[in-house]
Each structure stands twice: as structure tokens, then as C-alpha cells.
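What's in input.cif: mmCIF, C-alpha atoms
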```
data_start
loop_
_atom_site.label_atom_id
_atom_site.label_comp_id
_atom_site.auth_asym_id
_atom_site.auth_seq_id
_atom_site.Cartn_x
_atom_site.Cartn_y
_atom_site.Cartn_z
CA MET A 1 14.89 -0.35 -10.87
CA GLU A 2 13.60 -1.83 -7.59
CA SER A 3 12.95 -5.52 -7.27
CA THR A 4 9.34 -6.46 -6.47
CA ASP A 5 10.40 -7.61 -3.02
CA LEU A 6 12.19 -4.33 -2.21
CA MET A 7 9.28 -2.29 -3.58
CA LYS A 8 6.79 -4.08 -1.34
CA LYS A 9 8.97 -3.66 1.76
CA ILE A 10 9.49 0.07 1.19
CA ASN A 11 5.77 0.56 0.62
CA SER A 12 5.00 -1.42 3.76
CA PHE A 13 7.24 0.93 5.74
CA ALA A 14 5.49 4.00 4.30
CA LEU A 15 2.02 2.66 5.02
CA ARG A 16 2.66 1.25 8.49
CA SER A 17 4.98 3.96 9.81
CA PHE A 18 3.23 6.97 8.32
CA ARG A 19 -0.30 6.31 7.02
CA ASP A 20 -1.41 3.99 9.82
CA ASN A 21 0.06 6.25 12.50
CA ALA A 22 -1.55 9.26 10.81
CA ASP A 23 -4.88 7.45 11.04
CA ARG A 24 -4.37 7.19 14.82
CA ASP A 25 -3.47 10.88 15.06
CA TYR A 26 -6.58 11.76 13.06
CA ILE A 27 -8.89 9.90 15.43
CA HIS A 28 -7.03 11.45 18.38
CA ALA A 29 -7.66 14.91 16.90
CA ARG A 30 -11.38 14.15 16.60
CA MET A 31 -11.47 12.98 20.22
CA ALA A 32 -9.80 16.20 21.36
CA TYR A 33 -12.24 18.31 19.35
CA ARG A 34 -15.19 16.49 20.89
CA ALA A 35 -13.76 17.23 24.35
CA GLN A 36 -13.28 20.89 23.35
CA LEU A 37 -9.50 20.57 23.73
CA TYR A 38 -8.88 22.63 20.63
CA PRO A 39 -5.11 23.25 20.83
CA GLN A 40 -4.60 19.50 21.22
CA CYS A 41 -6.97 18.90 18.30
CA PHE A 42 -4.96 21.24 16.08
CA TRP A 43 -1.66 19.62 17.08
CA SER A 44 -2.85 16.08 16.37
CA SER A 45 -4.46 17.28 13.13
CA LEU A 46 -1.12 18.63 11.95
CA HIS A 47 0.67 15.43 12.96
CA ALA A 48 -1.83 13.38 10.96
CA LEU A 49 -1.66 15.49 7.81
CA GLU A 50 2.13 15.71 8.01
CA LYS A 51 2.42 11.90 8.13
CA TYR A 52 0.02 11.44 5.23
CA ALA A 53 2.16 13.80 3.17
CA LYS A 54 5.39 12.01 4.12
CA CYS A 55 3.80 8.67 3.27
CA ILE A 56 3.12 9.98 -0.23
CA LEU A 57 6.72 11.17 -0.55
CA ILE A 58 7.92 7.62 0.07
CA LEU A 59 5.27 5.93 -2.08
CA THR A 60 6.28 8.19 -4.99
CA ARG A 61 10.00 7.67 -4.26
CA THR A 62 10.75 11.36 -3.83
CA GLU A 63 14.45 11.13 -3.00
CA ARG A 64 16.10 13.19 -0.29
CA VAL A 65 18.69 14.33 -2.85
CA ARG A 66 15.88 16.00 -4.78
CA ILE A 67 14.55 17.50 -1.55
CA LYS A 68 17.91 19.09 -0.73
CA LYS A 69 18.32 20.49 -4.24
CA ASN A 70 15.06 22.35 -3.79
CA ASN A 71 16.01 23.69 -0.36
CA PHE A 72 13.54 21.40 1.40
CA ASP A 73 16.05 19.70 3.68
CA ASP A 74 13.94 20.10 6.80
CA VAL A 75 10.21 19.76 6.21
CA GLY A 76 9.42 19.41 9.92
CA HIS A 77 5.69 19.82 10.47
CA GLU A 78 5.16 21.69 7.21
CA VAL A 79 2.71 19.71 5.10
CA LEU A 80 2.57 22.22 2.28
CA LYS A 81 6.34 22.10 1.87
CA SER A 82 6.16 18.31 1.47
CA LEU A 83 3.42 18.67 -1.12
CA LYS A 84 5.45 21.30 -2.99
CA MET A 85 8.14 18.67 -3.53
CA LEU A 86 5.62 16.47 -5.31
CA GLU A 87 4.44 19.02 -7.85
CA SER A 88 6.65 17.77 -10.67
CA SER A 89 5.56 14.15 -10.32
CA LEU A 90 2.07 14.17 -8.78
CA ASP A 91 -0.84 16.55 -9.16
CA ILE A 92 -2.52 16.39 -5.76
CA MET A 93 -5.90 18.08 -5.78
CA LEU A 94 -6.61 20.11 -2.63
CA SER A 95 -9.46 22.55 -2.08
CA GLN A 96 -8.67 26.11 -1.06
CA GLN A 97 -10.37 25.39 2.25
CA THR A 98 -7.87 22.60 2.96
CA VAL A 99 -4.89 24.73 1.92
CA ASP A 100 -6.02 27.55 4.24
CA PHE A 101 -6.51 25.05 7.07
CA LEU A 102 -3.00 23.67 6.57
CA LYS A 103 -1.55 27.17 6.69
CA ARG A 104 -3.32 27.83 10.00
CA LEU A 105 -2.07 24.57 11.49
CA GLU A 106 1.50 25.16 10.36
CA ASN A 107 1.54 28.71 11.67
CA GLY A 108 0.17 27.52 15.01
CA ALA A 109 2.87 24.84 15.25
CA ARG A 110 5.55 27.53 15.26
CA PHE A 111 4.21 28.81 18.58
CA ARG A 112 3.27 25.81 20.71
CA TYR A 113 3.49 27.38 24.16
CA LEU A 114 0.86 30.10 23.94
CA GLU A 115 3.40 32.70 22.85
CA VAL A 116 0.60 34.05 20.68
CA SER A 117 -3.16 34.03 21.14
CA TRP A 118 -5.25 31.42 19.36
CA HIS A 119 -8.85 30.86 18.31
CA SER A 120 -10.98 28.09 16.91
CA GLU A 121 -13.45 28.61 14.10
CA SER A 122 -16.91 27.16 13.63
CA ALA A 123 -17.23 23.61 12.24
CA GLU A 124 -13.48 23.00 12.11
CA LEU A 125 -14.07 19.29 12.66
CA THR A 126 -15.67 19.03 9.23
CA ILE A 127 -12.77 21.01 7.76
CA LEU A 128 -10.32 18.52 9.30
CA ASP A 129 -12.34 15.57 8.00
CA ARG A 130 -12.28 16.96 4.48
CA ALA A 131 -8.56 17.75 4.63
CA VAL A 132 -7.80 14.18 5.70
CA TRP A 133 -10.05 12.80 2.98
CA GLU A 134 -8.44 14.91 0.26
CA LEU A 135 -4.87 13.95 1.19
CA ARG A 136 -5.17 10.43 2.56
CA ARG A 137 -6.55 9.03 -0.71
CA TYR A 138 -3.04 9.25 -2.17
CA CYS A 139 -1.61 7.08 0.65
CA ASN A 140 -2.41 3.93 -1.32
CA SER A 141 0.40 1.95 -2.97
CA GLY A 142 -2.16 0.39 -5.32
CA LEU A 143 -2.50 3.73 -7.13
CA TYR A 144 1.07 3.84 -8.44
CA CYS A 145 3.08 2.19 -11.19
CA TYR A 146 6.55 1.08 -10.06
CA GLU A 147 7.72 -0.51 -13.32
CA ASN A 148 10.06 2.40 -14.06
CA SER A 149 11.05 3.28 -10.49
CA PRO A 150 12.31 5.64 -9.22
CA GLU A 151 10.05 7.44 -11.75
CA VAL A 152 6.80 6.48 -10.01
CA LYS A 153 3.57 7.69 -11.60
CA LEU A 154 -0.14 7.37 -10.90
CA LEU A 155 -1.86 4.63 -12.85
CA ASP A 156 -3.87 6.11 -15.71
CA ASN A 157 -7.16 4.60 -14.58
CA VAL A 158 -7.12 6.37 -11.18
CA LYS A 159 -6.18 9.93 -12.20
CA GLU A 160 -9.72 11.08 -12.97
CA LEU A 161 -11.04 9.40 -9.83
CA LEU A 162 -8.64 11.33 -7.58
CA GLN A 163 -9.10 14.65 -9.33
CA ASP A 164 -12.75 14.73 -8.28
CA ILE A 165 -12.69 16.42 -4.87
CA GLU A 166 -16.41 17.14 -4.66
CA ASN A 167 -17.94 13.67 -4.82
CA VAL A 168 -17.15 11.26 -2.01
CA THR A 169 -17.41 7.62 -3.08
CA VAL A 170 -16.18 4.30 -1.76
CA GLU A 171 -13.86 4.09 -4.76
CA ASN A 172 -12.10 7.41 -4.11
CA THR A 173 -12.07 7.11 -0.32
CA HIS A 174 -11.54 3.62 1.04
CA ILE A 175 -8.09 2.02 0.94
CA ALA A 176 -7.69 -1.74 1.07
CA GLY A 177 -5.74 -2.60 4.21
CA GLY A 178 -6.08 0.88 5.73
CA ARG A 179 -6.37 1.29 9.48
CA LEU A 180 -9.45 3.50 9.28
CA GLU A 181 -11.14 0.93 7.06
CA ALA A 182 -10.28 -1.82 9.55
CA ILE A 183 -11.74 0.21 12.42
CA LEU A 184 -14.97 0.78 10.49
CA LYS A 185 -15.40 -3.00 10.28
CA GLN A 186 -15.10 -3.45 14.06
CA PRO A 187 -18.51 -2.82 15.71
CA LYS A 188 -17.07 -2.85 19.25
CA SER A 189 -13.95 -0.80 18.59
CA PRO A 190 -13.77 2.24 20.94
CA ALA A 191 -11.99 4.09 18.14
CA LYS A 192 -14.88 3.53 15.72
CA LYS A 193 -17.23 5.58 17.88
CA GLU A 194 -14.84 8.54 17.73
CA LEU A 195 -14.13 8.10 14.02
CA VAL A 196 -17.70 8.04 12.76
CA TRP A 197 -19.10 10.74 15.09
CA LYS A 198 -20.55 13.39 12.74
CA ASN A 199 -18.13 12.31 9.99
CA LEU A 200 -19.20 12.83 6.37
CA TYR A 201 -16.12 11.16 4.92
CA PHE A 202 -15.26 8.09 7.00
CA SER A 203 -18.38 6.30 8.15
CA ASN A 204 -20.57 3.31 7.33
CA SER A 205 -23.60 5.56 6.94
CA LYS A 206 -24.60 7.50 3.83
CA ARG A 207 -25.38 10.77 5.60
CA LYS A 208 -25.19 13.91 3.49
CA THR A 209 -25.11 16.48 6.30
CA VAL A 210 -24.00 16.74 9.92
CA TRP A 211 -24.97 19.21 12.62
CA LEU A 212 -22.28 20.66 14.84
CA GLU A 213 -22.66 23.07 17.70
CA SER A 214 -20.89 26.37 17.15
CA ASN A 215 -18.04 25.94 19.63
CA LEU A 216 -16.09 29.12 19.06
CA MET A 217 -13.25 29.48 21.53
CA ALA A 218 -10.20 31.70 21.92
CA GLU A 219 -7.40 32.27 24.42
CA ASN A 220 -5.11 35.26 24.79
CA SER A 221 -1.42 34.75 25.29
CA SER A 222 0.00 35.93 28.61
CA LEU A 223 2.50 37.90 26.57
CA PHE A 224 -0.37 39.72 24.89
CA LEU A 225 -1.86 40.50 28.28
CA TYR A 226 1.43 41.40 29.99
CA PRO A 227 4.02 42.35 27.34
CA GLU A 228 6.12 44.02 30.05
CA ILE A 229 7.24 40.60 31.36
CA ILE A 230 9.10 39.61 28.17
CA ASP A 231 12.61 40.72 29.21
CA GLU A 232 12.36 38.98 32.56
CA LEU A 233 10.75 35.88 31.07
CA THR A 234 13.56 35.33 28.57
CA LYS A 235 15.86 34.63 31.52
CA TYR A 236 13.94 31.43 32.23
CA THR A 237 12.61 30.15 28.92
CA ARG A 238 13.18 30.59 25.22
CA ILE A 239 10.89 33.10 23.53
CA PRO A 240 11.27 33.26 19.72
CA LYS A 241 13.03 36.45 18.66
CA GLU A 242 10.20 37.37 16.28
CA ILE A 243 7.75 37.19 19.19
CA VAL A 244 9.96 39.34 21.41
CA ASN A 245 10.32 41.95 18.65
CA ALA A 246 6.63 41.90 17.82
CA TYR A 247 5.53 42.60 21.38
CA LYS A 248 8.24 45.18 22.00
CA ASN A 249 7.59 47.05 18.76
CA GLY A 250 3.85 46.53 18.69
#
```

Structure re-expressed in C-alpha cells:
Amino acid sequence: MESTDLMKKINSFALRSFRDNADRDYIHARMAYRAQLYPQCFWSSLHALEKYAKCILILTRTERVRIKKNNFDDVGHEVLKSLKMLESSLDIMLSQQTVDFLKRLENGARFRYLEVSWHSESAELTILDRAVWELRRYCNSGLYCYENSPEVKLLDNVKELLQDIENVTVENTHIAGGRLEAILKQPKSPAKKELVWKNLYFSNSKRKTVWLESNLMAENSSLFLYPEIIDELTKYTRIPKEIVNAYKNG
């Protein structure tokens, strides 16, 4: 069993290295979306959600030995794989919309150099905001009981609060000591302007709706446009084998 001092230091590492950095990535993703830099928005979104998930792995003391036993040695940028590791110890409630969004982000991360075409969907900023809200709530060391570590469990009085993924309240959203919460308290923070812009989940206002322009955008891969260049191109850069086969056999 961990000493209180060791427990606090490990939790501090999880919160500062992962949750707080994820908060920065989240705001960065919102900034990119606002500038219509959608690939950059998706990449920062994935970074944020990945770090939130890894923060939870540490807060719940999910050991690497257990990860390897379940063939999860390399989670990389795969958020859903991290969450799969937690199933036996923590019931994280995610909407189907968030799960589908994570799948899109993870699939896009496999092809970062426009090897495949991409598109953005309407109102994806609100989908990102909800995904962050659903997952980030668990990045709070105050939710867990460490008396029997490494068997860390949610405190009984917070389970029902976290299982409600339809009603956004201060109690099931705000985290004491969180970076987003600190930014919300700083009227002159440049980051606050980007955080609260049309945000239903992290804001000082009590708005119930937001209006977003329908900024649908797409871009075709050069390989889609000119599949005949693949053999020559592989002399100069790495093209994933599955991409080469798909274009050749498609």
C-alpha cells in the first residue's frame, strides 16, 4: 500500500503532466477550429483526449504489467485502447457520439501526411467539447479511494454523479485545481477567450445553446488524385503498405 506522501506525488505527476497539458491541447484544438485549420484541430483534439485517458490510467494505478498481459503494450494515440484497460476497475460513461468521434480521430492519426482524403463534419467543435467534458471529469484525484491501493476505486458518493452524461453541472464538471478552471477565473487571460467561445461545457455563462456556422470542408489526397505516382513516390518517402495496396488494388 502506498504511503500518503507517495500517493500525492504520483497523483501530482498524473495531473500536471497529463491533465494540465491536455487542457492546453484542448484549447489549442479550439483555436485551430476557429481558424478553420481542421487537420490541426483534429490532431490537437486527439492529443488532449489521449492525455486525459492516460491521466486516468495513472490515477487508478493501472499497472503496465496488466497492460502487457492484455496486449496493450503500446497504446500510442489510441484513446479507446486506454479506456479498454480500465473496464475492470472503472465504468467510464461515454456517449456513442464521443466514441464515434474518438474512432475518427484515431483513424485519422494513422495517416498524418494526407495519404488519404479527409473531411470535417458540421458542428464538430461541440462534439469535441462534449468528448472532453465526458472524459476529463475522471481526471480528478479527489474522486478516488487510495486506502487499498493499488486497488483504486471511485468513492461511492461520486459514482451516480459521473454516470449522468446528460446534465452538465458545476459538481460534475469543475475540478478543484484544474487548469481550465484556473483560466476561467482570469478575466484577461488570452486563453480564456478561446476556451469559452461558443462552449456549452466550460464557461462562466449558463448558456443552453450555441450557434455555429456550418463549416464543412474536405481535401483529397494527392494519392487519390494521382494514384499512378505511388511506385515512384515510395523511393523518397514512406507510404504505409496498406495505403499502397489500397490504391493499387482499388

Using only C-alpha atoms, list the residues that have an atom at most 12 Å from (-17.3, 29.6, 24.6), coordinates as in the file, as a short mmCIF file (atom, residue, chain, number, x, y, z; two decimals) with C-alpha atoms, in the coordinates of the input.
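Final file, part.cif:
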```cif
data_model
loop_
_atom_site.label_atom_id
_atom_site.label_comp_id
_atom_site.auth_asym_id
_atom_site.auth_seq_id
_atom_site.Cartn_x
_atom_site.Cartn_y
_atom_site.Cartn_z
CA GLN A 36 -13.28 20.89 23.35
CA LEU A 37 -9.50 20.57 23.73
CA TYR A 38 -8.88 22.63 20.63
CA HIS A 119 -8.85 30.86 18.31
CA SER A 120 -10.98 28.09 16.91
CA GLU A 121 -13.45 28.61 14.10
CA SER A 122 -16.91 27.16 13.63
CA GLU A 213 -22.66 23.07 17.70
CA SER A 214 -20.89 26.37 17.15
CA ASN A 215 -18.04 25.94 19.63
CA LEU A 216 -16.09 29.12 19.06
CA MET A 217 -13.25 29.48 21.53
CA ALA A 218 -10.20 31.70 21.92
CA GLU A 219 -7.40 32.27 24.42
#
```

| field | Among listed residues A:Phe13, A:Leu57, A:Ala109, A:Asp91, nearest Ser44 of chain A (using all atoms listed in the file) | value | A:Ala109

| message | Rounded to one decimal, what separation in Å do you get between atom CA of Ile58 of chain A and atom CA of Asp156 of chain A? | response | 19.8 Å

| request: I need the residue set behind the PyMOL selection byres ((chain A and resi 170-172) around 10) for this file; please write it as a list in words. | output: Trp133, Glu134, Arg137, Tyr138, Val158, Glu160, Leu161, Leu162, Gln163, Asp164, Ile165, Asn167, Val168, Thr169, Thr173, His174, Ile175, Tyr201 and Phe202 of chain A

| query | Which is closest to Cys55 of chain A among A:Ala182, A:Ile243, A:Leu15, A:Val152, if we use all atoms listed in the file? | reply |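 Once distances to Cys55 of chain A are computed over all atoms listed in the file, the minimum belongs to A:Leu15.
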
| query | Taking into account all atoms listed in the file, which residue in the set A:Asn245, A:Ser117, A:Thr60, A:Asn11 is nearest to Phe224 of chain A? | reply |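 Checking each candidate against Phe224 of chain A, we get A:Ser117 as the closest.
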
| query | For this file, the PyMOL selection byres ((chain A and resi 113) around 12) selects which residues, as an NGL selection string? | reply | :A and (39-40 or 43 or 108-112 or 114-118 or 219-223 or 237-240 or 243)

For the provided coordinates, the residues matched by the PyMOL selection byres ((chain A and resi 19-29) around 10) should be stated as an mmCIF file with C-alpha atoms, in the frame of the given file.
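What follows is the written file result-v2.cif:
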```cif
data_model
loop_
_atom_site.group_PDB
_atom_site.id
_atom_site.type_symbol
_atom_site.label_atom_id
_atom_site.label_comp_id
_atom_site.auth_asym_id
_atom_site.auth_seq_id
_atom_site.Cartn_x
_atom_site.Cartn_y
_atom_site.Cartn_z
ATOM 1 C CA SER A 12 5.000 -1.420 3.760
ATOM 2 C CA PHE A 13 7.240 0.930 5.740
ATOM 3 C CA ALA A 14 5.490 4.000 4.300
ATOM 4 C CA LEU A 15 2.020 2.660 5.020
ATOM 5 C CA ARG A 16 2.660 1.250 8.490
ATOM 6 C CA SER A 17 4.980 3.960 9.810
ATOM 7 C CA PHE A 18 3.230 6.970 8.320
ATOM 8 C CA ARG A 30 -11.380 14.150 16.600
ATOM 9 C CA MET A 31 -11.470 12.980 20.220
ATOM 10 C CA ALA A 32 -9.800 16.200 21.360
ATOM 11 C CA TYR A 33 -12.240 18.310 19.350
ATOM 12 C CA ARG A 34 -15.190 16.490 20.890
ATOM 13 C CA ALA A 35 -13.760 17.230 24.350
ATOM 14 C CA LEU A 37 -9.500 20.570 23.730
ATOM 15 C CA TYR A 38 -8.880 22.630 20.630
ATOM 16 C CA PRO A 39 -5.110 23.250 20.830
ATOM 17 C CA GLN A 40 -4.600 19.500 21.220
ATOM 18 C CA CYS A 41 -6.970 18.900 18.300
ATOM 19 C CA PHE A 42 -4.960 21.240 16.080
ATOM 20 C CA TRP A 43 -1.660 19.620 17.080
ATOM 21 C CA SER A 44 -2.850 16.080 16.370
ATOM 22 C CA SER A 45 -4.460 17.280 13.130
ATOM 23 C CA LEU A 46 -1.120 18.630 11.950
ATOM 24 C CA HIS A 47 0.670 15.430 12.960
ATOM 25 C CA ALA A 48 -1.830 13.380 10.960
ATOM 26 C CA LEU A 49 -1.660 15.490 7.810
ATOM 27 C CA GLU A 50 2.130 15.710 8.010
ATOM 28 C CA LYS A 51 2.420 11.900 8.130
ATOM 29 C CA TYR A 52 0.020 11.440 5.230
ATOM 30 C CA ALA A 53 2.160 13.800 3.170
ATOM 31 C CA LYS A 54 5.390 12.010 4.120
ATOM 32 C CA CYS A 55 3.800 8.670 3.270
ATOM 33 C CA ILE A 56 3.120 9.980 -0.230
ATOM 34 C CA LEU A 125 -14.070 19.290 12.660
ATOM 35 C CA LEU A 128 -10.320 18.520 9.300
ATOM 36 C CA ASP A 129 -12.340 15.570 8.000
ATOM 37 C CA VAL A 132 -7.800 14.180 5.700
ATOM 38 C CA ARG A 136 -5.170 10.430 2.560
ATOM 39 C CA CYS A 139 -1.610 7.080 0.650
ATOM 40 C CA ASN A 140 -2.410 3.930 -1.320
ATOM 41 C CA GLY A 177 -5.740 -2.600 4.210
ATOM 42 C CA GLY A 178 -6.080 0.880 5.730
ATOM 43 C CA ARG A 179 -6.370 1.290 9.480
ATOM 44 C CA LEU A 180 -9.450 3.500 9.280
ATOM 45 C CA GLU A 181 -11.140 0.930 7.060
ATOM 46 C CA ALA A 191 -11.990 4.090 18.140
ATOM 47 C CA LYS A 192 -14.880 3.530 15.720
ATOM 48 C CA LYS A 193 -17.230 5.580 17.880
ATOM 49 C CA GLU A 194 -14.840 8.540 17.730
ATOM 50 C CA LEU A 195 -14.130 8.100 14.020
ATOM 51 C CA VAL A 196 -17.700 8.040 12.760
#
```

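Between atom CA of Asn148 of chain A and atom CA of Leu59 of chain A there is a distance of 13.4 Å.
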
| Interatomic distance (Å, one decimal) between atom CA of Lys9 of chain A and atom CA of Gly142 of chain A |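 Interatomic distance, atom CA of Lys9 of chain A to atom CA of Gly142 of chain A: 13.8 Å.
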
| message | For Pro150 of chain A, find every residue with an atom within 10 Å (counting only C-alpha atoms), except residues of its own chain fewer than 2 positions away, and show them as a ChimeraX atom specification. | response | /A:1-2,60-63,146-148,152-153

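With distances restricted to all atoms listed in the file, A:Thr126 is the closest residue to Thr209 of chain A from A:Ala176, A:Val244, A:Thr126, A:Lys81.
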
Segment 220-231 of chain A rebuilt with N, CA, C and O atoms, output as a PDB file, keeping the file's coordinate frame:
```pdb
ATOM      1  N   ASN A 220      -6.175  34.273  24.951  1.00  0.00           N
ATOM      2  CA  ASN A 220      -5.110  35.260  24.790  1.00  0.00           C
ATOM      3  C   ASN A 220      -3.816  34.769  25.414  1.00  0.00           C
ATOM      4  O   ASN A 220      -3.814  34.166  26.495  1.00  0.00           O
ATOM      5  N   SER A 221      -2.730  35.050  24.739  1.00  0.00           N
ATOM      6  CA  SER A 221      -1.420  34.750  25.290  1.00  0.00           C
ATOM      7  C   SER A 221      -1.132  35.651  26.496  1.00  0.00           C
ATOM      8  O   SER A 221      -1.551  36.814  26.533  1.00  0.00           O
ATOM      9  N   SER A 222      -0.418  35.101  27.472  1.00  0.00           N
ATOM     10  CA  SER A 222       0.000  35.930  28.610  1.00  0.00           C
ATOM     11  C   SER A 222       0.891  37.069  28.158  1.00  0.00           C
ATOM     12  O   SER A 222       0.899  38.148  28.765  1.00  0.00           O
ATOM     13  N   LEU A 223       1.638  36.841  27.088  1.00  0.00           N
ATOM     14  CA  LEU A 223       2.500  37.900  26.570  1.00  0.00           C
ATOM     15  C   LEU A 223       1.686  39.033  25.974  1.00  0.00           C
ATOM     16  O   LEU A 223       2.095  40.199  26.020  1.00  0.00           O
ATOM     17  N   PHE A 224       0.536  38.682  25.394  1.00  0.00           N
ATOM     18  CA  PHE A 224      -0.370  39.720  24.890  1.00  0.00           C
ATOM     19  C   PHE A 224      -0.949  40.524  26.045  1.00  0.00           C
ATOM     20  O   PHE A 224      -1.082  41.743  25.968  1.00  0.00           O
ATOM     21  N   LEU A 225      -1.270  39.832  27.125  1.00  0.00           N
ATOM     22  CA  LEU A 225      -1.860  40.500  28.280  1.00  0.00           C
ATOM     23  C   LEU A 225      -0.840  41.302  29.076  1.00  0.00           C
ATOM     24  O   LEU A 225      -1.147  42.377  29.597  1.00  0.00           O
ATOM     25  N   TYR A 226       0.385  40.755  29.171  1.00  0.00           N
ATOM     26  CA  TYR A 226       1.430  41.400  29.990  1.00  0.00           C
ATOM     27  C   TYR A 226       2.741  41.479  29.209  1.00  0.00           C
ATOM     28  O   TYR A 226       3.725  40.814  29.550  1.00  0.00           O
ATOM     29  N   PRO A 227       2.796  42.280  28.160  1.00  0.00           N
ATOM     30  CA  PRO A 227       4.020  42.350  27.340  1.00  0.00           C
ATOM     31  C   PRO A 227       5.232  42.841  28.130  1.00  0.00           C
ATOM     32  O   PRO A 227       6.379  42.584  27.734  1.00  0.00           O
ATOM     33  N   GLU A 228       5.006  43.487  29.264  1.00  0.00           N
ATOM     34  CA  GLU A 228       6.120  44.020  30.050  1.00  0.00           C
ATOM     35  C   GLU A 228       6.962  42.925  30.705  1.00  0.00           C
ATOM     36  O   GLU A 228       8.065  43.193  31.201  1.00  0.00           O
ATOM     37  N   ILE A 229       6.483  41.676  30.702  1.00  0.00           N
ATOM     38  CA  ILE A 229       7.240  40.600  31.360  1.00  0.00           C
ATOM     39  C   ILE A 229       8.256  39.928  30.430  1.00  0.00           C
ATOM     40  O   ILE A 229       9.019  39.071  30.868  1.00  0.00           O
ATOM     41  N   ILE A 230       8.291  40.337  29.161  1.00  0.00           N
ATOM     42  CA  ILE A 230       9.100  39.610  28.170  1.00  0.00           C
ATOM     43  C   ILE A 230      10.574  39.566  28.555  1.00  0.00           C
ATOM     44  O   ILE A 230      11.203  38.501  28.546  1.00  0.00           O
ATOM     45  N   ASP A 231      11.182  40.702  28.897  1.00  0.00           N
ATOM     46  CA  ASP A 231      12.610  40.720  29.210  1.00  0.00           C
ATOM     47  C   ASP A 231      12.941  39.798  30.383  1.00  0.00           C
ATOM     48  O   ASP A 231      13.939  39.063  30.358  1.00  0.00           O
TER      49      ASP A 231
END
```
